[in-house]
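Each remark here refers to the structure printed beneath this line.
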Amino acid sequence: EGTHPGRDASPSQEFPKPQLGEPRNLQALRVRLAQESPLMLSLTLANLLEHDVVQLEIIPEKKGLFLKHVEYQMTSQRFKISVYRRYSDFDVFHELLLQRFAYRMVPALPPKRMLKGEREFIEGRRRALNRFINLVARHPLFSEDEMVKTFLTFSGSDIQNKLREVFKRMGDEFLTYRFAKQAKEYLPGDIQAQFSACRELIRNISSSFQKLRDLAERMAIRSHENAADLLAFGRELSILGSDTAPVPALVSEKSTWGNLRQSLKGLSVEFTLLSDKATQQGRREEDDVVEKLNLFLDLLQSYKDLCDRHEKGVLHEHQRALHKYSVMKRQAMTAAVQPKEQASVEQLESRIIQQENAIQTMELRNYFSLFCLHQETQLLFIYLPMTSHILSAFITSQIQGHREMGEVWNDLRPKLNCLFGSNNGLPSPHPTPEQGSLKNPPAFFSN
């Protein structure tokens, strides 16, 4: 059972101060604190992945000869419902999600406009939107929010206005979270130092994952290039075998080319099959490895964006408010020693009180921002065991790919007998150790 973000707990209780950082620290504290402090998350990667699986498929709508827009069919396994969305719906949803959960990891959306070829761009954007909605649907807080549920399930004609209505009723998370104003009570005293250490660690993790993703992408590209080369190889064999030109009389008595080229044409079928296998391997590498790495990179980027919002947003606004307050206090001191109209003095005092209230609210928001940042850091580390899933998928895809390719190559071997008969002037290729003793291959060049 995961700790629900809104579970009752009294801020007056003394809670052990949790440490923010390595997964082993979080794991050691999780069992002990899960039922005590609302700060701690009691979740596993399996809990997150099983919470919901959302499938996003393209349903293009054509008007005339050109594709005007793309519509997506979105199916939530959790809610067992399919709805239809456009990119503009995701755009509005993302904007409202950032307003409602400014202190949480909100994944970024892919770009709206085409950057590459149309087909490649549309498929890439579908994949990115699919990663986005799955990260949102599995977030322990987002997944229980009315606005998120509405986006996943509302089948009416105007989802954008419906989302705005829901957000208007709820406001941002600070106004609705049960422990928002008591967040300071649950934070460790050295939260800033822990935050800095964690941010540096996650920056290094992100750098390595980006390199892994780039390498995996190159492997997938090579698989597709290998597929294209194998297909072209087979096509050239077919062209050779389809040549009907007669063998010149000059060599016709001794030449076996006439029979040989007919055999070559038959080999093109196996090379087409090899090409298909290489294409399947490339897709497995894209779907099972590259896509999982991209999912985790999207999460890491959303954490970086959250840290930036905390530093450039909450802290910056707090500092500006304090500066404004100090200016007002100096003005009040000046007014106290210099004669001024009573109305203007009272107006200044009222503004100072308003600013004090604003600063108090900002301080509460600052602590709540740190509270959320602590939880989101935990969530990021809960996702880290995805590394083993990704490695397992990578190894499995390589084993399967090499086995399938090897089977086709082995099926191709018997068909070479007609090419290497005694009449062709060359010995047959040397067999593998399983097939018999090795022979020296024909020497075409001397060293």
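Following the order of the structure tokens, chains are lettered A, B, ..., residues in each are numbered from 1, and ligands are numbered from 1.
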- Spatial neighbours of range 143-155 of chain A, max dist 12 Å, only C-alpha atoms, sep filter under 5 positions, as a ChimeraX atom specification: /A:4-6,48,51-56,73-86,89-101,133-138,160-173,176-177
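Across the structure, CA of Gln262 in chain A and CA of Leu240 in chain A are spaced 8.4 Å apart.
Comparing the minimum interatomic distances between Gln192 in chain A and each of A:Arg283, A:His374, A:Leu384, A:Trp257, counting only C-alpha atoms, we find that A:His374 sits nearest.
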